[in-house]
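Everything below belongs to final-v6.tsv, which stores TSV, C-alpha atoms and all ligand atoms.
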chain	number	residue	atom	x	y	z
I	255	MET	CA	184.23	339.89	44.36
I	256	SER	CA	184.78	338.62	40.81
I	257	VAL	CA	181.92	339.29	38.43
I	258	GLU	CA	181.05	336.04	36.60
I	259	ASN	CA	179.58	337.86	33.64
I	260	GLU	CA	178.80	341.41	32.65
I	261	ALA	CA	176.26	342.63	30.11
I	262	LEU	CA	175.03	345.76	28.39
I	263	TRP	CA	171.48	345.79	29.72
I	264	LEU	CA	168.44	347.49	28.28
I	265	ASP	CA	165.96	347.57	31.18
I	266	SER	CA	162.90	348.62	29.17
I	267	PRO	CA	162.08	349.79	25.64
I	268	ARG	CA	162.33	353.37	26.99
I	269	ALA	CA	165.65	352.88	28.79
I	270	THR	CA	169.19	353.81	27.88
I	271	PHE	CA	171.85	351.11	28.04
I	272	ARG	CA	173.73	350.32	31.27
I	273	VAL	CA	176.61	347.93	31.95
I	274	GLY	CA	175.96	345.61	34.91
I	275	PRO	CA	176.51	342.10	36.28
I	276	ALA	CA	174.79	339.19	34.54
I	277	PRO	CA	174.47	335.47	35.25
I	278	ARG	CA	177.12	333.29	33.61
I	279	PRO	CA	175.22	331.37	30.89
I	280	ARG	CA	175.16	327.56	30.78
I	281	PRO	CA	174.81	325.84	27.41
I	282	GLY	CA	171.63	323.90	26.65
I	283	PRO	CA	171.56	320.95	24.24
I	284	GLY	CA	173.04	321.93	20.89
I	285	GLU	CA	174.57	325.12	22.30
I	286	VAL	CA	177.99	326.47	23.21
I	287	VAL	CA	178.96	329.24	25.60
I	288	VAL	CA	181.52	331.64	24.17
I	289	ARG	CA	183.85	334.10	25.89
I	290	VAL	CA	183.15	337.13	23.72
I	291	ALA	CA	186.19	338.82	22.15
I	292	ALA	CA	184.40	341.15	19.72
I	293	VAL	CA	180.88	342.22	18.77
I	294	ALA	CA	179.65	344.01	15.64
I	295	LEU	CA	176.84	346.57	15.51
I	296	ASN	CA	173.78	346.37	13.28
I	297	PRO	CA	170.90	348.72	12.42
I	298	VAL	CA	168.51	346.53	14.42
I	299	ASP	CA	170.58	347.19	17.59
I	300	ALA	CA	170.57	350.91	16.84
I	301	VAL	CA	166.76	351.20	16.82
I	302	SER	CA	165.95	353.65	19.59
I	303	GLY	CA	162.91	354.90	21.47
I	304	PHE	CA	159.87	353.10	22.86
I	305	ALA	CA	157.71	353.06	19.72
I	306	ARG	CA	160.43	351.90	17.32
I	307	ARG	CA	161.72	349.20	19.66
I	308	ARG	CA	158.18	347.95	20.24
I	309	PHE	CA	157.59	347.93	16.47
I	310	VAL	CA	160.78	346.01	15.55
I	311	TYR	CA	160.76	343.39	18.35
I	312	PRO	CA	157.39	343.63	20.13
I	313	TRP	CA	157.86	340.25	21.83
I	314	LEU	CA	161.11	341.11	23.62
I	315	SER	CA	161.16	340.67	27.41
I	316	TYR	CA	163.08	343.17	29.56
I	317	PRO	CA	165.68	343.57	30.93
I	318	ALA	CA	167.17	342.54	27.58
I	319	VAL	CA	170.65	342.02	26.16
I	320	LEU	CA	170.76	343.00	22.49
I	321	GLY	CA	173.27	342.20	19.76
I	322	THR	CA	173.58	339.47	17.15
I	323	ASP	CA	177.22	339.34	16.02
I	324	VAL	CA	179.76	337.61	18.24
I	325	ALA	CA	183.30	336.28	17.83
I	326	GLY	CA	185.19	334.59	20.61
I	327	GLU	CA	186.37	331.37	22.20
I	328	VAL	CA	184.20	328.40	23.14
I	329	VAL	CA	184.35	327.77	26.90
I	330	ASP	CA	181.45	325.35	27.49
I	331	VAL	CA	179.79	322.82	25.20
I	332	GLY	CA	176.22	321.55	25.59
I	333	ASP	CA	174.88	318.04	25.07
I	334	GLY	CA	174.85	316.80	21.50
I	335	VAL	CA	177.43	319.26	20.13
I	336	THR	CA	180.08	317.32	18.21
I	337	SER	CA	181.29	319.97	15.75
I	338	LEU	CA	182.82	322.36	18.34
I	339	ALA	CA	184.99	321.97	21.45
I	340	ALA	CA	186.25	324.16	24.30
I	341	GLY	CA	189.08	326.36	23.03
I	342	ASP	CA	187.72	326.66	19.46
I	343	ARG	CA	187.78	330.15	17.95
I	344	VAL	CA	184.36	330.87	16.46
I	345	VAL	CA	182.02	333.47	15.05
I	346	GLY	CA	178.28	333.05	15.52
I	347	PHE	CA	174.81	334.46	15.28
I	348	ALA	CA	173.42	335.38	18.73
I	349	THR	CA	169.66	334.86	18.69
I	350	GLY	CA	168.61	336.43	22.02
I	351	GLN	CA	166.49	339.08	20.26
I	352	GLU	CA	164.63	336.54	18.11
I	353	ARG	CA	160.97	335.85	18.85
I	354	PHE	CA	161.56	332.11	19.26
I	355	ARG	CA	164.38	332.74	21.78
I	356	ASP	CA	163.66	336.00	23.64
I	357	SER	CA	166.53	335.41	26.05
I	358	ALA	CA	169.08	337.76	27.60
I	359	ALA	CA	171.53	334.83	27.97
I	360	HIS	CA	171.63	334.57	24.16
I	361	GLY	CA	172.29	338.27	23.38
I	362	ALA	CA	175.68	339.35	22.00
I	363	PHE	CA	176.48	342.39	24.13
I	364	GLN	CA	177.99	340.61	27.14
I	365	ARG	CA	181.24	338.93	28.15
I	366	PHE	CA	179.88	335.38	27.92
I	367	THR	CA	177.02	334.44	25.62
I	368	THR	CA	175.23	331.37	24.37
I	369	LEU	CA	175.22	330.40	20.69
I	370	ALA	CA	173.44	327.60	18.84
I	371	ALA	CA	176.24	325.42	17.44
I	372	GLU	CA	174.43	325.12	14.09
I	373	VAL	CA	174.76	328.87	13.40
I	374	THR	CA	178.32	329.09	14.71
I	375	THR	CA	181.33	328.92	12.39
I	376	LEU	CA	184.77	327.56	13.28
I	377	LEU	CA	187.38	330.16	12.30
I	378	PRO	CA	190.64	329.53	10.46
I	379	ALA	CA	193.70	330.29	12.62
I	380	ASP	CA	194.70	333.30	10.53
I	381	LEU	CA	191.35	335.10	10.75
I	382	GLY	CA	191.12	337.54	13.68
I	383	PHE	CA	188.03	337.97	15.84
I	384	THR	CA	187.58	341.63	14.89
I	385	ASP	CA	187.63	340.78	11.16
I	386	ALA	CA	185.35	337.75	11.47
I	387	VAL	CA	182.73	339.36	13.70
I	388	VAL	CA	181.31	341.37	10.78
I	389	LEU	CA	179.69	338.18	9.44
I	390	PRO	CA	176.70	336.83	11.41
I	391	LEU	CA	173.59	338.98	10.80
I	392	GLY	CA	174.77	339.99	7.32
I	393	VAL	CA	175.28	336.33	6.41
I	394	SER	CA	172.04	335.21	8.02
I	395	THR	CA	169.91	337.91	6.37
I	396	ALA	CA	171.48	337.39	2.95
I	397	ALA	CA	171.13	333.61	3.28
I	398	ALA	CA	167.46	333.93	4.31
I	399	GLY	CA	166.71	336.05	1.25
I	400	LEU	CA	168.67	334.01	-1.26
I	401	PHE	CA	168.08	330.42	-0.17
I	402	GLN	CA	164.85	330.00	1.79
I	403	PRO	CA	162.07	328.48	-0.34
I	404	ASP	CA	159.68	331.26	0.80
I	405	GLN	CA	162.17	333.89	-0.49
I	406	LEU	CA	164.25	333.51	-3.69
I	407	GLY	CA	164.63	329.73	-3.19
I	408	LEU	CA	168.05	329.56	-4.89
I	409	ALA	CA	170.48	326.65	-4.75
I	410	LEU	CA	172.70	326.61	-1.64
I	411	PRO	CA	176.43	327.47	-1.79
I	412	THR	CA	178.76	324.48	-1.77
I	413	ALA	CA	182.51	323.84	-2.03
I	414	GLY	CA	182.73	323.11	-5.73
I	415	ALA	CA	179.54	324.78	-6.98
I	416	GLU	CA	179.30	324.63	-10.79
I	417	LYS	CA	178.76	327.94	-12.57
I	418	ARG	CA	175.10	328.47	-13.37
I	419	GLY	CA	173.77	330.35	-16.34
I	420	GLU	CA	171.47	332.48	-14.20
I	421	THR	CA	172.05	335.91	-12.68
I	422	VAL	CA	171.20	337.28	-9.23
I	423	LEU	CA	170.69	341.03	-8.71
I	424	VAL	CA	171.89	342.43	-5.36
I	425	TRP	CA	170.60	346.00	-4.91
I	426	GLY	CA	172.57	347.72	-2.14
I	427	ALA	CA	175.62	345.44	-2.41
I	428	SER	CA	177.99	347.54	-0.28
I	429	THR	CA	175.78	347.05	2.78
I	430	SER	CA	176.65	344.34	5.24
I	431	VAL	CA	173.74	342.22	3.97
I	432	GLY	CA	174.68	342.94	0.35
I	433	SER	CA	178.41	342.16	0.71
I	434	ASN	CA	177.45	338.73	2.01
I	435	ALA	CA	174.71	338.24	-0.57
I	436	VAL	CA	177.16	338.80	-3.43
I	437	GLN	CA	179.56	336.22	-2.01
I	438	LEU	CA	176.89	333.66	-1.08
I	439	ALA	CA	175.25	333.87	-4.51
I	440	ARG	CA	178.68	333.45	-6.15
I	441	GLY	CA	179.38	330.54	-3.80
I	442	ALA	CA	176.25	328.90	-5.16
I	443	GLY	CA	177.46	329.39	-8.75
I	444	TYR	CA	175.29	332.35	-9.82
I	445	ARG	CA	176.49	335.35	-11.81
I	446	VAL	CA	175.88	338.54	-9.81
I	447	VAL	CA	175.01	342.05	-10.90
I	448	ALA	CA	174.78	344.71	-8.23
I	449	THR	CA	174.21	348.33	-7.28
I	450	ALA	CA	176.20	350.54	-4.88
I	451	SER	CA	177.65	354.04	-4.74
I	452	PRO	CA	180.50	354.50	-7.24
I	453	HIS	CA	183.17	354.72	-4.52
I	454	ASN	CA	182.22	351.15	-3.50
I	455	HIS	CA	182.17	349.60	-6.99
I	456	ASP	CA	185.69	348.16	-6.71
I	457	LEU	CA	184.85	346.58	-3.37
I	458	VAL	CA	181.66	345.00	-4.74
I	459	ARG	CA	183.51	343.73	-7.84
I	460	SER	CA	186.23	342.27	-5.62
I	461	LEU	CA	183.53	340.29	-3.80
I	462	GLY	CA	182.51	338.69	-7.08
I	463	ALA	CA	179.97	340.92	-8.86
I	464	ALA	CA	180.32	340.88	-12.66
I	465	GLU	CA	178.85	344.38	-13.07
I	466	VAL	CA	178.00	347.17	-10.61
I	467	PHE	CA	175.72	350.18	-11.19
I	468	ASP	CA	175.09	353.35	-9.19
I	469	TYR	CA	171.66	353.07	-7.52
I	470	ARG	CA	171.31	356.87	-7.52
I	471	GLU	CA	171.69	357.10	-11.30
I	472	ARG	CA	168.39	358.04	-13.01
I	473	THR	CA	168.97	355.40	-15.70
I	474	VAL	CA	169.84	352.55	-13.33
I	475	VAL	CA	166.75	350.43	-14.12
I	476	GLN	CA	167.38	350.68	-17.89
I	477	ASP	CA	171.10	350.04	-17.37
I	478	LEU	CA	170.36	346.89	-15.41
I	479	LEU	CA	167.83	345.69	-17.98
I	480	ARG	CA	170.39	346.21	-20.74
I	481	SER	CA	172.97	344.20	-18.78
I	482	LEU	CA	170.40	341.43	-18.23
I	483	GLN	CA	169.48	341.11	-21.92
I	484	GLY	CA	169.83	337.51	-23.09
I	485	ARG	CA	170.19	336.32	-19.48
I	486	THR	CA	167.87	334.79	-16.90
I	487	LEU	CA	167.31	336.66	-13.64
I	488	ALA	CA	167.08	333.96	-10.94
I	489	GLY	CA	166.08	336.47	-8.25
I	490	THR	CA	166.67	339.90	-6.75
I	491	LEU	CA	167.66	340.96	-3.26
I	492	ALA	CA	166.41	344.49	-2.51
I	493	ILE	CA	168.38	346.28	0.23
I	494	GLY	CA	168.10	349.92	1.27
I	495	ALA	CA	165.54	352.71	1.10
I	496	GLY	CA	163.85	352.95	-2.28
I	497	SER	CA	165.14	349.55	-3.40
I	498	LEU	CA	161.79	347.80	-3.73
I	499	SER	CA	160.09	349.95	-6.35
I	500	ARG	CA	163.13	349.92	-8.62
I	501	THR	CA	163.90	346.23	-8.25
I	502	VAL	CA	160.26	345.44	-9.04
I	503	ALA	CA	160.66	347.59	-12.17
I	504	VAL	CA	163.64	345.42	-13.18
I	505	ALA	CA	162.08	342.07	-12.21
I	506	ARG	CA	158.86	342.68	-14.16
I	507	ARG	CA	160.73	343.38	-17.41
I	508	ALA	CA	163.70	340.97	-17.20
I	509	ASP	CA	163.45	337.31	-18.23
I	510	GLY	CA	163.38	335.20	-15.10
I	511	THR	CA	161.53	334.17	-11.99
I	512	GLY	CA	160.12	337.60	-11.09
I	513	ARG	CA	161.10	337.01	-7.45
I	514	VAL	CA	162.22	339.92	-5.26
I	515	ALA	CA	163.18	339.46	-1.59
I	516	SER	CA	163.23	342.67	0.42
I	517	ALA	CA	165.59	343.21	3.37
I	518	TYR	CA	164.00	346.60	3.87
I	519	PRO	CA	160.39	345.78	4.66
I	520	THR	CA	158.31	348.80	5.67
I	521	PRO	CA	154.60	349.13	6.44
I	522	ALA	CA	154.17	349.82	2.68
I	523	THR	CA	155.74	346.49	1.65
I	524	ALA	CA	152.49	344.50	1.95
I	525	ALA	CA	150.74	346.97	-0.39
I	526	ARG	CA	153.64	346.81	-2.84
I	527	ARG	CA	153.51	343.02	-2.78
I	528	LEU	CA	149.84	343.11	-3.82
I	529	ALA	CA	150.54	345.73	-6.51
I	530	ALA	CA	153.46	343.68	-7.90
I	531	ARG	CA	151.51	340.43	-8.25
I	532	PRO	CA	149.56	341.33	-11.42
I	533	LEU	CA	152.91	342.39	-12.95
I	534	GLY	CA	154.22	338.83	-12.50
I	535	VAL	CA	156.53	339.84	-9.63
I	536	HIS	CA	156.56	337.97	-6.33
I	537	VAL	CA	157.76	340.14	-3.42
I	538	SER	CA	158.73	338.59	-0.08
I	539	ALA	CA	159.93	340.22	3.14
I	540	ILE	CA	163.08	338.88	4.80
I	541	TRP	CA	163.57	338.41	8.52
I	542	GLY	CA	167.30	337.88	9.10
I	543	GLY	CA	166.85	335.53	12.06
I	544	THR	CA	164.88	332.81	10.29
I	545	PRO	CA	167.90	330.73	9.15
I	546	ALA	CA	168.59	329.97	12.83
I	547	GLN	CA	165.35	327.97	12.79
I	548	ASN	CA	165.58	326.18	9.46
I	549	SER	CA	168.08	324.20	7.38
I	550	VAL	CA	169.58	327.29	5.68
I	551	GLY	CA	171.46	328.43	8.82
I	552	PRO	CA	173.40	325.18	9.38
I	553	ALA	CA	174.03	324.78	5.62
I	554	VAL	CA	175.72	328.18	5.49
I	555	PHE	CA	177.27	328.69	8.96
I	556	SER	CA	178.39	325.12	9.73
I	557	ARG	CA	178.89	323.50	6.34
I	558	PHE	CA	179.79	326.21	3.80
I	559	LEU	CA	181.59	329.01	5.66
I	560	PRO	CA	184.35	327.17	7.61
I	561	ALA	CA	186.00	325.78	4.46
I	562	ALA	CA	185.19	328.85	2.33
I	563	LEU	CA	186.85	331.16	4.90
I	564	THR	CA	189.84	328.84	5.21
I	565	ASP	CA	190.57	328.68	1.49
I	566	GLY	CA	189.85	332.39	0.94
I	567	ARG	CA	186.80	331.86	-1.28
I	568	TYR	CA	184.84	333.93	1.23
I	569	ARG	CA	186.02	337.05	2.94
I	570	PRO	CA	184.50	338.94	5.87
I	571	ALA	CA	182.95	342.10	4.44
I	572	PRO	CA	182.40	344.98	4.67
I	573	PRO	CA	185.69	345.60	6.49
I	574	ALA	CA	185.62	346.05	10.27
I	575	GLU	CA	186.29	349.39	11.87
I	576	VAL	CA	187.11	348.90	15.55
I	577	ILE	CA	185.57	351.87	17.34
I	578	GLY	CA	186.28	351.06	20.98
I	579	HIS	CA	186.90	348.53	23.70
I	580	GLY	CA	184.48	347.31	26.35
I	581	LEU	CA	180.69	347.02	26.47
I	582	ALA	CA	180.40	350.68	27.49
I	583	ALA	CA	181.69	351.62	24.02
I	584	VAL	CA	178.67	350.04	22.29
I	585	PRO	CA	176.09	352.84	22.79
I	586	ALA	CA	178.36	355.49	21.21
I	587	GLY	CA	178.94	353.06	18.32
I	588	LEU	CA	175.18	352.66	17.86
I	589	GLU	CA	174.85	356.43	17.78
I	590	ARG	CA	177.44	356.51	15.00
I	591	LEU	CA	175.66	353.75	13.11
I	592	ARG	CA	172.44	355.80	13.22
I	593	ALA	CA	174.32	358.63	11.50
I	594	GLY	CA	175.19	356.18	8.66
I	595	VAL	CA	178.21	354.21	7.47
I	596	SER	CA	179.45	353.31	4.01
I	597	ALA	CA	180.87	349.83	3.42
I	598	ARG	CA	182.11	349.58	7.02
I	599	LYS	CA	181.07	347.41	9.95
I	600	LEU	CA	181.46	349.01	13.35
I	601	VAL	CA	183.11	346.63	15.82
I	602	VAL	CA	183.78	346.78	19.57
I	603	THR	CA	186.31	344.52	21.30
I	604	VAL	CA	185.21	343.04	24.63
F	701	LIG	N1	164.99	342.27	7.40
F	701	LIG	C1	165.97	342.00	8.25
F	701	LIG	O1	165.90	341.07	9.06
F	701	LIG	C2	167.23	342.80	8.19
F	701	LIG	C3	168.41	342.33	8.76
F	701	LIG	C4	169.57	343.10	8.62
F	701	LIG	C5	169.49	344.32	7.98
F	701	LIG	N2	168.29	344.73	7.49
F	701	LIG	C6	168.18	346.01	6.78
F	701	LIG	O2	168.97	345.93	5.63
F	701	LIG	C7	169.55	347.20	5.36
F	701	LIG	C8	171.04	347.04	5.31
F	701	LIG	O3	171.52	346.69	6.59
F	701	LIG	P1	173.08	346.54	6.79
F	701	LIG	O4	173.37	346.23	8.19
F	701	LIG	O5	173.57	345.63	5.75
F	701	LIG	O6	173.45	348.05	6.48
F	701	LIG	P2	174.79	348.84	6.51
F	701	LIG	O7	175.92	347.98	6.10
F	701	LIG	O8	174.91	349.58	7.79
F	701	LIG	O9	174.45	349.88	5.37
F	701	LIG	C9	175.37	350.85	4.95
F	701	LIG	C10	175.29	350.87	3.45
F	701	LIG	O10	173.98	351.25	3.06
F	701	LIG	C11	174.07	351.62	1.73
F	701	LIG	N3	172.89	352.40	1.38
F	701	LIG	C12	172.45	353.52	2.00
F	701	LIG	N4	171.31	353.94	1.41
F	701	LIG	C13	171.04	353.05	0.42
F	701	LIG	C14	169.99	352.95	-0.54
F	701	LIG	N5	169.01	353.85	-0.56
F	701	LIG	N6	170.00	351.90	-1.39
F	701	LIG	C15	171.00	351.01	-1.34
F	701	LIG	N7	172.03	351.04	-0.47
F	701	LIG	C16	172.04	352.07	0.41
F	701	LIG	C17	175.36	352.43	1.63
F	701	LIG	O11	175.89	352.13	0.39
F	701	LIG	P3	176.77	353.14	-0.43
F	701	LIG	O12	177.72	353.79	0.55
F	701	LIG	O13	177.45	352.28	-1.45
F	701	LIG	O14	175.82	354.14	-1.00
F	701	LIG	C18	176.21	351.83	2.80
F	701	LIG	O15	177.34	351.14	2.33
F	701	LIG	C19	169.07	348.13	6.48
F	701	LIG	O16	167.94	348.81	6.01
F	701	LIG	C20	168.70	347.18	7.58
F	701	LIG	O17	167.73	347.70	8.45
F	701	LIG	C21	167.18	344.01	7.57

Please express the file's structure as structure tokens.
Ligand SMILES: NC(=O)c1ccc[n+]([C@@H]2O[C@H](COP(=O)([O-])OP(=O)(O)OC[C@H]3O[C@@H](n4cnc5c(N)ncnc54)[C@H](OP(=O)(O)O)[C@@H]3O)[C@@H](O)[C@H]2O)c1
Amino acid sequence: MSVENEALWLDSPRATFRVGPAPRPRPGPGEVVVRVAAVALNPVDAVSGFARRRFVYPWLSYPAVLGTDVAGEVVDVGDGVTSLAAGDRVVGFATGQERFRDSAAHGAFQRFTTLAAEVTTLLPADLGFTDAVVLPLGVSTAAAGLFQPDQLGLALPTAGAEKRGETVLVWGASTSVGSNAVQLARGAGYRVVATASPHNHDLVRSLGAAEVFDYRERTVVQDLLRSLQGRTLAGTLAIGAGSLSRTVAVARRADGTGRVASAYPTPATAARRLAARPLGVHVSAIWGGTPAQNSVGPAVFSRFLPAALTDGRYRPAPPAEVIGHGLAAVPAGLERLRAGVSARKLVVTV
């Protein structure tokens, strides 16, 4: 008997993953079904244990199919989709884990999945699936933080964006979210200053940052303030443990909007937001899935990225490291992700 589809199932928040048969998805209006060639792994997939899973996605129905980052070939096209056709090579943001979707048919970790066309990007012929698949959640989270009006509210990236006088600070720029934030902010015309470990400074510069500082350096806040003298700070993206207190210290003293968007919200973030307000700093918490529900997702995934990837203005980063083949290789990859990576995206071919 041929199996129509196969998925990496999570039967309950307490369960371990298992590979098993799954229904072959059918595209709804505005959706495409993709034959998955590669998936990338993210910290949100690596959350383990009942309490943590319930905390991060309390709404999720089980059995669930996790995963957000998919590259593959379009095999079915739903009503109303005009931008994509069967046979197209694409990368897209799988939203099965999102509260508004909560659907196993839309999770990444399976052979066939369903993507919303508006957050799916047509790939140039010379860009491989394993390279491209590093993009979706990193792009979506960075775009949410930079461009949504409830976050930094910056101008969107466009083909011929004029250089702007203002600077964006990306703290944690060698992360997946940060690598995309640097490039998206540059694509919108902003100057970027960043932090990362010294061994990743060349990478972050190559993505477009004008200056990069070591976030572990005791003097990093003063160093950033010195580099921002005479400039306007349009906004700050705070990524990684410990990023919020130090980015608030920069934002309160630099000339600029005083806006800080945190990709690392913790239970303490709400208290920090209140404490930052009298200092003239506005802290917001990012949820990486929100662009799939507003105009930022289509602006970046459908309108900006296809041309920017084709002409080399945008490059998938951090680089992919293929760690195995087949859905059964995902759990070991998640284990490795929990141990920590540096400027690498773990990828599994399917
Ligand atoms: N809010 C959301 O919806 C959302 C969505 C996606 C991710 N996130 C969060 O955003 C963070 C980054 O996720 P990711 O997938 O982009 O991570 P990632 O690529 O797996 O992160 C690895 C990188 O983290 C950097 N790093 C480690 N500790 C750091 C610190 N204290 N400060 C700054 N950078 C640090 C390391 O940089 P160096 O090697 O250069 O030191 C390394 O390159 C995670 O905390 C993740 O949970 C949130």

Can you list every residue of chain I that has an atom at most 6 Å from ligand LIG 701 (chain F), with its nearest atom pair and the distance in Å to one decimal, using all atoms listed in the file, ordered by chain then number, as a Markdown table?
| residue | atom | partner | partner_atom | distance |
| --- | --- | --- | --- | --- |
| I:Asn296 | CA | F:LIG701 | O4 | 5.1 |
| I:Pro297 | CA | F:LIG701 | O17 | 5.2 |
| I:Gly392 | CA | F:LIG701 | O5 | 6.0 |
| I:Thr395 | CA | F:LIG701 | C3 | 5.2 |
| I:Gly426 | CA | F:LIG701 | C15 | 3.7 |
| I:Ser428 | CA | F:LIG701 | O15 | 4.5 |
| I:Thr429 | CA | F:LIG701 | O7 | 3.5 |
| I:Ser430 | CA | F:LIG701 | O5 | 3.4 |
| I:Val431 | CA | F:LIG701 | O5 | 3.9 |
| I:Ala450 | CA | F:LIG701 | O13 | 4.0 |
| I:Ser451 | CA | F:LIG701 | O13 | 3.7 |
| I:Asn454 | CA | F:LIG701 | O13 | 5.3 |
| I:Ile493 | CA | F:LIG701 | C7 | 5.3 |
| I:Gly494 | CA | F:LIG701 | N6 | 3.8 |
| I:Ala495 | CA | F:LIG701 | N5 | 4.0 |
| I:Gly496 | CA | F:LIG701 | N5 | 5.5 |
| I:Ser497 | CA | F:LIG701 | N6 | 5.8 |
| I:Ala517 | CA | F:LIG701 | N1 | 4.2 |
| I:Tyr518 | CA | F:LIG701 | O16 | 5.0 |
| I:Ile540 | CA | F:LIG701 | N1 | 4.7 |
| I:Trp541 | CA | F:LIG701 | O1 | 3.6 |
| I:Gly542 | CA | F:LIG701 | O1 | 3.5 |
| I:Val595 | CA | F:LIG701 | C9 | 5.1 |
| I:Ser596 | CA | F:LIG701 | O15 | 3.5 |
| I:Ala597 | CA | F:LIG701 | O15 | 3.9 |

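Atom pair CA of Thr511 in chain I / CA of Ala488 in chain I has a distance of 5.7 Å (rounded to one decimal).
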
**Study point:** Selection near Ala340 in chain I, 10 Å with all atoms listed in the file, sequence-local residues under 5 positions removed, as a VMD selection string
**Key:** chain I and resid 286 to 288 327 to 331

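The interatomic distance for the pair CA of Arg513 in chain I and CA of Leu406 in chain I works out to 6.0 Å.
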
Check your understanding: Closest to Ser266 in chain I among I:Arg289, I:Pro317, I:Val424, I:Arg308, using all atoms listed in the file?
Key -> I:Pro317

Review point. So, counting all atoms listed in the file, which residue among I:Ala593, I:Leu528, I:Ala300, I:Ala294 is closest to Thr270 in chain I?
Key: I:Ala300

Point to revise | Nearest to Val436 in chain I by atom-to-atom distance, counting all atoms listed in the file, from I:Arg272, I:Arg506, I:Arg485, I:Arg569 | key: I:Arg569

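Going from CA of Gly282 in chain I over to CA of Leu338 in chain I, you cover 14.0 Å.
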
As JSON: centre and edge lengths in Å, one decimal, of the axis-aligned box holding range 530-539 of chain I with 8 Å per side:
{"center_x": 154.7, "center_y": 340.8, "center_z": -4.9, "size_x": 26.4, "size_y": 21.7, "size_z": 32.1}

Could you add the missing atoms to range 586-598 of chain I, up to N, CA and C atoms, and return them as an mmCIF file, in the coordinates of the input?
data_model
loop_
_atom_site.group_PDB
_atom_site.id
_atom_site.type_symbol
_atom_site.label_atom_id
_atom_site.label_comp_id
_atom_site.auth_asym_id
_atom_site.auth_seq_id
_atom_site.Cartn_x
_atom_site.Cartn_y
_atom_site.Cartn_z
ATOM 1 N N ALA I 586 177.838 354.431 22.086
ATOM 2 C CA ALA I 586 178.360 355.490 21.210
ATOM 3 C C ALA I 586 178.492 354.962 19.779
ATOM 4 N N GLY I 587 178.844 353.676 19.648
ATOM 5 C CA GLY I 587 178.940 353.060 18.320
ATOM 6 C C GLY I 587 177.568 353.010 17.643
ATOM 7 N N LEU I 588 176.535 352.713 18.433
ATOM 8 C CA LEU I 588 175.180 352.660 17.860
ATOM 9 C C LEU I 588 174.745 354.043 17.392
ATOM 10 N N GLU I 589 175.145 355.046 18.171
ATOM 11 C CA GLU I 589 174.850 356.430 17.780
ATOM 12 C C GLU I 589 175.493 356.718 16.417
ATOM 13 N N ARG I 590 176.732 356.264 16.266
ATOM 14 C CA ARG I 590 177.440 356.510 15.000
ATOM 15 C C ARG I 590 176.782 355.738 13.855
ATOM 16 N N LEU I 591 176.323 354.550 14.147
ATOM 17 C CA LEU I 591 175.660 353.750 13.110
ATOM 18 C C LEU I 591 174.381 354.440 12.639
ATOM 19 N N ARG I 592 173.666 355.069 13.584
ATOM 20 C CA ARG I 592 172.440 355.800 13.220
ATOM 21 C C ARG I 592 172.750 356.947 12.262
ATOM 22 N N ALA I 593 173.935 357.522 12.394
ATOM 23 C CA ALA I 593 174.320 358.630 11.500
ATOM 24 C C ALA I 593 174.673 358.096 10.104
ATOM 25 N N GLY I 594 174.926 356.774 9.980
ATOM 26 C CA GLY I 594 175.190 356.180 8.660
ATOM 27 C C GLY I 594 176.644 355.801 8.471
ATOM 28 N N VAL I 595 176.863 354.660 7.827
ATOM 29 C CA VAL I 595 178.210 354.210 7.470
ATOM 30 C C VAL I 595 178.188 353.804 6.003
ATOM 31 N N SER I 596 179.368 353.767 5.392
ATOM 32 C CA SER I 596 179.450 353.310 4.010
ATOM 33 C C SER I 596 180.478 352.199 3.915
ATOM 34 N N ALA I 597 179.996 350.990 3.598
ATOM 35 C CA ALA I 597 180.870 349.830 3.420
ATOM 36 C C ALA I 597 181.844 349.659 4.581
ATOM 37 N N ARG I 598 181.330 349.763 5.783
ATOM 38 C CA ARG I 598 182.110 349.580 7.020
ATOM 39 C C ARG I 598 181.221 348.863 8.018
#
